[in-house]
$ cat structure29.txt   # compact mmCIF, C-alpha atoms and all ligand atoms
# COMPACT_ATOMS: atom_id res chain seq x y z
CA MET A 470 -31.16 50.62 147.74
CA ALA A 471 -29.63 53.21 150.01
CA GLU A 472 -26.40 54.65 148.77
CA PRO A 473 -23.44 54.46 151.13
CA THR A 474 -22.53 57.49 153.18
CA PHE A 475 -19.04 58.61 153.97
CA ARG A 476 -17.92 60.38 157.11
CA TYR A 477 -15.16 62.27 155.33
CA HIS A 478 -16.93 62.91 152.03
CA PRO A 479 -20.60 63.55 152.85
CA ASP A 480 -21.87 64.32 149.35
CA PRO A 481 -19.76 62.89 146.52
CA LEU A 482 -22.49 63.77 144.00
CA ALA A 483 -22.38 67.45 144.98
CA SER A 484 -18.59 67.55 145.10
CA GLY A 485 -18.31 66.11 141.59
CA SER A 486 -16.57 62.89 142.68
CA ALA A 487 -19.58 60.76 141.69
CA LEU A 488 -22.18 60.80 138.97
CA ARG A 489 -25.73 59.46 138.97
CA THR A 490 -25.80 57.01 136.08
CA ASP A 491 -26.73 53.36 135.61
CA HIS A 492 -23.65 51.21 135.30
CA VAL A 493 -22.26 47.80 136.12
CA CYS A 494 -19.51 48.09 138.70
CA SER A 495 -16.27 46.39 137.62
CA VAL A 496 -15.52 45.28 141.17
CA CYS A 497 -18.83 43.86 142.45
CA GLY A 498 -20.43 43.19 139.08
CA LEU A 499 -23.75 44.63 140.22
CA ASP A 500 -26.05 47.14 138.56
CA ARG A 501 -25.46 50.41 140.35
CA GLN A 502 -26.88 53.91 140.03
CA ILE A 503 -24.03 56.05 141.27
CA ARG A 504 -20.65 55.87 139.63
CA TYR A 505 -17.40 57.04 141.16
CA GLN A 506 -15.71 59.75 139.11
CA GLY A 507 -12.63 60.46 141.18
CA PRO A 508 -9.09 59.17 140.94
CA VAL A 509 -7.94 55.61 141.67
CA TYR A 510 -4.32 55.06 142.62
CA GLY A 511 -4.06 51.47 141.53
CA ARG A 512 -5.45 49.44 138.65
CA GLN A 513 -8.07 51.46 136.80
CA PRO A 514 -11.60 50.00 136.88
CA ASP A 515 -13.93 50.53 133.91
CA SER A 516 -16.59 51.52 136.36
CA LEU A 517 -16.70 51.71 140.12
CA CYS A 518 -19.56 52.03 142.59
CA LEU A 519 -19.52 53.74 145.98
CA HIS A 520 -20.46 50.53 147.82
CA CYS A 521 -17.16 48.96 146.80
CA ILE A 522 -15.26 52.02 147.98
CA GLN A 523 -17.01 51.99 151.34
CA SER A 524 -16.50 48.28 151.98
CA GLY A 525 -12.85 48.39 151.03
CA ALA A 526 -13.49 45.90 148.20
CA ALA A 527 -12.27 48.41 145.61
CA SER A 528 -9.06 49.11 147.48
CA LEU A 529 -8.35 45.39 147.68
CA ALA A 530 -9.50 44.39 144.18
CA LEU A 531 -7.67 47.21 142.43
CA SER A 532 -4.40 46.76 144.24
CA ILE A 533 -1.47 46.43 141.89
CA SER A 534 -0.70 42.89 143.00
CA GLY A 535 -4.34 41.79 142.75
CA GLY A 536 -5.02 41.69 146.46
CA GLY A 537 -3.86 39.42 149.20
CA ASP A 538 -0.72 40.14 151.10
CA GLY A 539 1.17 43.37 151.46
CA ASP A 540 -0.71 46.31 152.83
CA SER A 541 1.35 48.70 150.74
CA ASP A 542 -0.07 47.22 147.54
CA MET A 543 -3.57 48.33 148.44
CA SER A 544 -4.96 50.83 146.01
CA ALA A 545 -6.30 54.16 147.18
CA MET A 546 -8.94 56.63 146.10
CA PHE A 547 -6.78 59.35 147.49
CA SER A 548 -3.04 59.65 147.09
CA ASP A 549 -0.80 58.95 150.03
CA ALA A 550 -1.54 61.31 152.84
CA VAL A 551 0.94 64.12 153.33
CA ASP A 552 1.18 66.53 156.24
CA VAL A 553 -1.03 64.42 158.47
CA PRO A 554 -0.90 65.83 162.01
CA ASP A 555 0.56 63.51 164.66
CA ASP A 556 -2.69 63.35 166.61
CA VAL A 557 -4.62 61.76 163.73
CA PRO A 558 -4.90 57.97 164.11
CA LEU A 559 -3.64 55.81 161.26
CA SER A 560 -7.10 54.24 160.98
CA VAL A 561 -8.48 57.64 159.96
CA VAL A 562 -5.85 58.07 157.27
CA GLU A 563 -6.61 54.56 156.00
CA GLU A 564 -10.32 55.29 155.86
CA ILE A 565 -9.71 58.52 153.93
CA THR A 566 -7.25 57.09 151.44
CA ARG A 567 -8.84 53.66 150.87
CA ARG A 568 -12.51 53.72 151.79
CA THR A 569 -13.59 57.27 150.96
CA PRO A 570 -14.24 58.74 147.50
CA GLY A 571 -11.29 60.92 146.56
CA PHE A 572 -11.25 64.03 144.44
CA ALA A 573 -9.13 65.19 141.55
CA GLY A 574 -7.34 68.52 141.61
CA TRP A 575 -5.16 70.31 139.14
CA GLN A 576 -2.10 69.65 141.24
CA GLN A 577 -1.32 67.35 144.11
CA GLU A 578 -4.44 67.29 146.27
CA THR A 579 -4.25 67.39 150.04
CA TRP A 580 -6.82 66.21 152.50
CA LEU A 581 -7.22 68.51 155.48
CA TYR A 582 -7.27 67.50 159.12
CA HIS A 583 -8.54 69.33 162.20
CA CYS A 584 -9.10 68.51 165.88
CA GLY A 585 -7.22 65.23 165.56
CA ASP A 586 -9.46 63.88 162.82
CA GLY A 587 -9.93 64.08 159.09
CA ALA A 588 -12.11 66.93 157.91
CA ALA A 589 -15.14 66.40 155.68
CA PHE A 590 -14.51 67.29 152.04
CA LEU A 591 -17.32 69.49 150.71
CA GLY A 592 -16.11 70.12 147.20
CA PRO A 593 -14.10 72.42 144.97
CA ALA A 594 -14.73 76.11 145.45
CA GLY A 595 -14.07 79.39 143.71
CA TYR A 596 -13.91 82.80 145.34
CA ARG A 597 -17.68 83.20 145.16
CA GLU A 598 -18.26 79.94 147.05
CA LEU A 599 -15.54 80.76 149.59
CA GLU A 600 -17.11 84.09 150.47
CA ALA A 601 -19.77 82.09 152.32
CA TYR A 602 -16.98 80.56 154.45
CA PRO A 603 -14.95 83.48 155.85
CA GLU A 604 -12.86 81.17 158.05
CA ALA A 605 -11.68 79.33 154.99
CA LEU A 606 -10.60 82.60 153.39
CA VAL A 607 -8.74 83.55 156.56
CA MET A 608 -6.94 80.23 156.39
CA LEU A 609 -5.96 80.71 152.76
CA ARG A 610 -4.68 84.22 153.51
CA ALA A 611 -2.59 82.87 156.40
CA ASP A 612 -1.18 80.14 154.12
CA HIS A 613 -0.12 82.71 151.59
CA ARG A 614 1.46 84.90 154.25
CA ARG A 615 3.49 81.91 155.30
CA TYR A 616 4.66 81.45 151.73
CA GLY A 617 5.72 85.10 151.64
CA TRP A 618 3.01 86.43 149.32
CA SER A 619 2.16 90.12 149.54
CA PRO A 620 -1.43 90.99 150.56
CA THR A 621 -2.08 92.39 147.07
CA ASP A 622 -0.90 89.23 145.33
CA THR A 623 -2.89 87.13 147.76
CA GLU A 624 -6.14 89.00 147.15
CA GLU A 625 -5.60 88.83 143.42
CA PHE A 626 -5.03 85.09 143.67
CA LEU A 627 -8.08 84.52 145.87
CA ARG A 628 -10.35 86.48 143.55
CA GLY A 629 -9.07 84.40 140.64
CA LEU A 630 -10.10 81.11 142.28
CA ASP A 631 -12.62 79.29 140.18
CA ARG A 632 -14.74 76.29 141.06
CA THR A 633 -14.29 74.65 137.66
CA GLY A 634 -11.19 76.43 136.37
CA GLU A 635 -7.68 76.84 137.61
CA PRO A 636 -6.68 77.59 140.31
CA THR A 637 -9.28 76.00 142.53
CA ALA A 638 -9.73 75.88 146.29
CA TYR A 639 -10.98 72.75 148.09
CA LEU A 640 -13.42 73.27 150.87
CA PHE A 641 -13.54 71.15 154.03
CA ARG A 642 -15.36 71.33 157.35
CA CYS A 643 -14.10 70.09 160.68
CA LEU A 644 -16.35 67.32 162.01
CA HIS A 645 -15.73 68.40 165.60
CA CYS A 646 -15.54 72.21 165.86
CA ASN A 647 -17.29 72.94 162.54
CA THR A 648 -14.54 75.29 161.35
CA SER A 649 -14.40 75.73 157.58
CA LEU A 650 -11.07 74.91 156.02
CA ALA A 651 -9.68 75.22 152.53
CA SER A 652 -6.70 74.00 150.60
CA TRP A 653 -5.72 75.24 147.20
CA ASP A 654 -3.80 74.29 144.09
CA ILE A 655 -0.32 75.64 144.03
CA GLY A 656 -0.31 76.58 140.36
ZN ZN B 1 -19.19 47.82 143.19
ZN ZN B 2 -11.76 71.40 164.45
$ encode --input "structure29.txt" --output "structure tokens" --more "lines below"
Ligand SMILES: [Zn+2]
Ligand SMILES: [Zn+2]
Amino acid sequence: MAEPTFRYHPDPLASGSALRTDHVCSVCGLDRQIRYQGPVYGRQPDSLCLHCIQSGAASLALSISGGGDGDSDMSAMFSDAVDVPDDVPLSVVEEITRRTPGFAGWQQETWLYHCGDGAAFLGPAGYRELEAYPEALVMLRADHRRYGWSPTDTEEFLRGLDRTGEPTAYLFRCLHCNTSLASWDIG
């Protein structure tokens, strides 16, 4: 059976948010081949498939109150969106937080937005991976300048970024203008 695809998280296997392994999903009860590995902000399932994330079944079934009324009780695969630009529709934020595989960071993770839409999450990245995305490095440098970091400290920090260690950068791509974007753990 075809695995679900996600607009805002095109390859959860590559990003490390999902693992190819036979399992029985706790939400739908079906034998599935790809298991979600990311965070759930709600009741913790033993095992969760991507189909249930895509359909919204997971968000509903894992809500703290057990589903039903109260939108705010819905569980999320991604923590409540912060710093969402005003031009991004609420429906996009809902899709990203409730019906898209999330990802775990060392600190509070942030989803990135661009051109009035959510950006596609590509995966964690270290300096070596980021070198292939110069625009993302420019963005990180600008972020650091805003926080008052010196250029020397910034370069040292960027070169210390590690895909599997700490700190890590998180790589995104705008779905409209194709710009590469990155967020990072504030260690
Ligand atoms: Zn399922
Ligand atoms: Zn854009």
$ atom_distance --input "structure29.txt" --atom1 "atom CA of A:Gly585" --atom2 "atom CA of A:Ser560"
11.9 Å
$ closest_residue --input "structure29.txt" --among "A:Leu591, A:Val551, A:Leu482, A:Leu640" --to "A:Met608" --atoms "all atoms listed in the file"
A:Leu640
$ atom_distance --input "structure29.txt" --atom1 "atom CA of A:Thr633" --atom2 "atom CA of A:Ala594"
7.9 Å
$ residues_near_point --input "structure29.txt" --point "(-11.4, 70.6, 148.8)" --cutoff "8 Å" --atoms "only C-alpha atoms" --output "MDAnalysis selection string"
chainID A and resid 572 579:580 590:594 638:641 651:653
$ residues_near_ligand --input "structure29.txt" --ligand "ligand ZN 1 (chain B)" --cutoff "9 Å" --atoms "only C-alpha atoms and all ligand atoms" --output "list in words"
Val493, Cys494, Ser495, Val496, Cys497, Gly498, Leu499, Asp500, Arg501, Arg504, Ser516, Leu517, Cys518, Leu519, His520, Cys521, Ile522, Ala526 and Ala527 of chain A
$ write_last_selection --input "structure29.txt" --atoms "C-alpha atoms" --output "PDB file, in the frame of the given file"
ATOM      1  CA  VAL A 493     -22.260  47.800 136.120  1.00  0.00           C
ATOM      2  CA  CYS A 494     -19.510  48.090 138.700  1.00  0.00           C
ATOM      3  CA  SER A 495     -16.270  46.390 137.620  1.00  0.00           C
ATOM      4  CA  VAL A 496     -15.520  45.280 141.170  1.00  0.00           C
ATOM      5  CA  CYS A 497     -18.830  43.860 142.450  1.00  0.00           C
ATOM      6  CA  GLY A 498     -20.430  43.190 139.080  1.00  0.00           C
ATOM      7  CA  LEU A 499     -23.750  44.630 140.220  1.00  0.00           C
ATOM      8  CA  ASP A 500     -26.050  47.140 138.560  1.00  0.00           C
ATOM      9  CA  ARG A 501     -25.460  50.410 140.350  1.00  0.00           C
ATOM     10  CA  ARG A 504     -20.650  55.870 139.630  1.00  0.00           C
ATOM     11  CA  SER A 516     -16.590  51.520 136.360  1.00  0.00           C
ATOM     12  CA  LEU A 517     -16.700  51.710 140.120  1.00  0.00           C
ATOM     13  CA  CYS A 518     -19.560  52.030 142.590  1.00  0.00           C
ATOM     14  CA  LEU A 519     -19.520  53.740 145.980  1.00  0.00           C
ATOM     15  CA  HIS A 520     -20.460  50.530 147.820  1.00  0.00           C
ATOM     16  CA  CYS A 521     -17.160  48.960 146.800  1.00  0.00           C
ATOM     17  CA  ILE A 522     -15.260  52.020 147.980  1.00  0.00           C
ATOM     18  CA  ALA A 526     -13.490  45.900 148.200  1.00  0.00           C
ATOM     19  CA  ALA A 527     -12.270  48.410 145.610  1.00  0.00           C
TER      20      ALA A 527
END
$ residues_near_ligand --input "structure29.txt" --ligand "ligand ZN 2 (chain B)" --cutoff "7 Å" --atoms "only C-alpha atoms and all ligand atoms" --output "JSON, numbers by chain"
{"A": [583, 584, 643, 644, 645, 646, 647, 648]}
$ residues_around --input "structure29.txt" --residues "A:Gln577" --least-positions-apart "3" --cutoff "9 Å" --atoms "all atoms listed in the file" --output "list in words"
Ser548, Ala573, Gly574, Asp654 and Ile655 of chain A
$ residues_near_point --input "structure29.txt" --point "(-20.5, 64.9, 146.1)" --cutoff "12 Å" --atoms "only C-alpha atoms" --output "short mmCIF file (atom, residue, chain, number, x, y, z; two decimals) with C-alpha atoms, in the frame of the given file"
data_model
loop_
_atom_site.label_atom_id
_atom_site.label_comp_id
_atom_site.auth_asym_id
_atom_site.auth_seq_id
_atom_site.Cartn_x
_atom_site.Cartn_y
_atom_site.Cartn_z
CA PRO A 473 -23.44 54.46 151.13
CA THR A 474 -22.53 57.49 153.18
CA PHE A 475 -19.04 58.61 153.97
CA TYR A 477 -15.16 62.27 155.33
CA HIS A 478 -16.93 62.91 152.03
CA PRO A 479 -20.60 63.55 152.85
CA ASP A 480 -21.87 64.32 149.35
CA PRO A 481 -19.76 62.89 146.52
CA LEU A 482 -22.49 63.77 144.00
CA ALA A 483 -22.38 67.45 144.98
CA SER A 484 -18.59 67.55 145.10
CA GLY A 485 -18.31 66.11 141.59
CA SER A 486 -16.57 62.89 142.68
CA ALA A 487 -19.58 60.76 141.69
CA LEU A 488 -22.18 60.80 138.97
CA ARG A 489 -25.73 59.46 138.97
CA ILE A 503 -24.03 56.05 141.27
CA ARG A 504 -20.65 55.87 139.63
CA TYR A 505 -17.40 57.04 141.16
CA GLN A 506 -15.71 59.75 139.11
CA GLY A 507 -12.63 60.46 141.18
CA LEU A 519 -19.52 53.74 145.98
CA THR A 569 -13.59 57.27 150.96
CA PRO A 570 -14.24 58.74 147.50
CA GLY A 571 -11.29 60.92 146.56
CA PHE A 572 -11.25 64.03 144.44
CA ALA A 589 -15.14 66.40 155.68
CA PHE A 590 -14.51 67.29 152.04
CA LEU A 591 -17.32 69.49 150.71
CA GLY A 592 -16.11 70.12 147.20
CA PRO A 593 -14.10 72.42 144.97
CA LEU A 640 -13.42 73.27 150.87
#
$ atom_distance --input "structure29.txt" --atom1 "atom CA of A:Ala605" --atom2 "atom CA of A:Arg642"
9.1 Å
$ closest_residue --input "structure29.txt" --among "A:Leu650, A:Val561, A:Leu581, A:Ala471" --to "A:Arg610" --atoms "all atoms listed in the file"
A:Leu650
$ closest_residue --input "structure29.txt" --among "A:Thr623, A:Asp631, A:Thr566, A:Gln576" --to "A:Arg597" --atoms "only C-alpha atoms"
A:Asp631
$ build_atoms --input "structure29.txt" --residues "stretch 472-496 of chain A" --atoms "N, CA, C and O atoms" --output "tab-separated table (two decimals), keeping the file's coordinate frame"
chain	number	residue	atom	x	y	z
A	472	GLU	N	-27.79	54.46	149.16
A	472	GLU	CA	-26.40	54.65	148.77
A	472	GLU	C	-25.54	54.79	150.02
A	472	GLU	O	-26.00	55.30	151.04
A	473	PRO	N	-24.31	54.35	149.96
A	473	PRO	CA	-23.44	54.46	151.13
A	473	PRO	C	-23.16	55.91	151.50
A	473	PRO	O	-23.18	56.78	150.62
A	474	THR	N	-22.93	56.15	152.75
A	474	THR	CA	-22.53	57.49	153.18
A	474	THR	C	-21.11	57.45	153.71
A	474	THR	O	-20.66	56.41	154.20
A	475	PHE	N	-20.45	58.54	153.59
A	475	PHE	CA	-19.04	58.61	153.97
A	475	PHE	C	-18.82	59.74	154.96
A	475	PHE	O	-19.18	60.88	154.69
A	476	ARG	N	-18.21	59.39	156.07
A	476	ARG	CA	-17.92	60.38	157.11
A	476	ARG	C	-17.10	61.55	156.56
A	476	ARG	O	-17.37	62.70	156.86
A	477	TYR	N	-16.11	61.23	155.76
A	477	TYR	CA	-15.16	62.27	155.33
A	477	TYR	C	-15.48	62.85	153.95
A	477	TYR	O	-14.73	63.68	153.44
A	478	HIS	N	-16.55	62.38	153.35
A	478	HIS	CA	-16.93	62.91	152.03
A	478	HIS	C	-18.45	62.80	151.93
A	478	HIS	O	-18.98	61.90	151.26
A	479	PRO	N	-19.15	63.71	152.64
A	479	PRO	CA	-20.60	63.55	152.85
A	479	PRO	C	-21.44	63.56	151.57
A	479	PRO	O	-22.48	62.92	151.55
A	480	ASP	N	-21.02	64.26	150.54
A	480	ASP	CA	-21.87	64.32	149.35
A	480	ASP	C	-21.04	64.25	148.06
A	480	ASP	O	-20.79	65.27	147.41
A	481	PRO	N	-20.62	63.03	147.71
A	481	PRO	CA	-19.76	62.89	146.52
A	481	PRO	C	-20.45	63.33	145.23
A	481	PRO	O	-19.77	63.72	144.27
A	482	LEU	N	-21.79	63.29	145.19
A	482	LEU	CA	-22.49	63.77	144.00
A	482	LEU	C	-22.32	65.29	143.89
A	482	LEU	O	-22.00	65.81	142.82
A	483	ALA	N	-22.50	65.98	145.00
A	483	ALA	CA	-22.38	67.45	144.98
A	483	ALA	C	-20.95	67.90	144.74
A	483	ALA	O	-20.71	68.92	144.10
A	484	SER	N	-19.99	67.14	145.24
A	484	SER	CA	-18.59	67.55	145.10
A	484	SER	C	-18.04	67.24	143.71
A	484	SER	O	-16.95	67.67	143.36
A	485	GLY	N	-18.78	66.46	142.94
A	485	GLY	CA	-18.31	66.11	141.59
A	485	GLY	C	-17.48	64.84	141.54
A	485	GLY	O	-16.98	64.45	140.49
A	486	SER	N	-17.35	64.13	142.68
A	486	SER	CA	-16.57	62.89	142.68
A	486	SER	C	-17.41	61.68	142.28
A	486	SER	O	-16.89	60.57	142.17
A	487	ALA	N	-18.71	61.86	142.11
A	487	ALA	CA	-19.58	60.76	141.69
A	487	ALA	C	-20.67	61.31	140.78
A	487	ALA	O	-20.99	62.50	140.83
A	488	LEU	N	-21.19	60.42	139.96
A	488	LEU	CA	-22.18	60.80	138.97
A	488	LEU	C	-23.35	59.82	139.05
A	488	LEU	O	-23.14	58.61	139.19
A	489	ARG	N	-24.58	60.34	138.96
A	489	ARG	CA	-25.73	59.46	138.97
A	489	ARG	C	-25.94	58.90	137.57
A	489	ARG	O	-26.33	59.62	136.65
A	490	THR	N	-25.63	57.64	137.39
A	490	THR	CA	-25.80	57.01	136.08
A	490	THR	C	-25.83	55.50	136.26
A	490	THR	O	-25.11	54.96	137.10
A	491	ASP	N	-26.67	54.81	135.51
A	491	ASP	CA	-26.73	53.36	135.61
A	491	ASP	C	-25.45	52.76	135.04
A	491	ASP	O	-25.02	53.14	133.95
A	492	HIS	N	-24.87	51.84	135.77
A	492	HIS	CA	-23.65	51.21	135.30
A	492	HIS	C	-23.48	49.88	135.99
A	492	HIS	O	-24.16	49.60	136.99
A	493	VAL	N	-22.61	49.05	135.45
A	493	VAL	CA	-22.26	47.80	136.12
A	493	VAL	C	-20.88	47.99	136.73
A	493	VAL	O	-19.92	48.28	136.01
A	494	CYS	N	-20.79	47.87	138.02
A	494	CYS	CA	-19.51	48.09	138.70
A	494	CYS	C	-18.52	46.98	138.34
A	494	CYS	O	-18.86	45.80	138.38
A	495	SER	N	-17.30	47.37	138.00
A	495	SER	CA	-16.27	46.39	137.62
A	495	SER	C	-15.83	45.53	138.80
A	495	SER	O	-15.31	44.43	138.60
A	496	VAL	N	-16.01	46.02	140.01
A	496	VAL	CA	-15.52	45.28	141.17
A	496	VAL	C	-16.57	44.30	141.69
A	496	VAL	O	-16.30	43.12	141.86
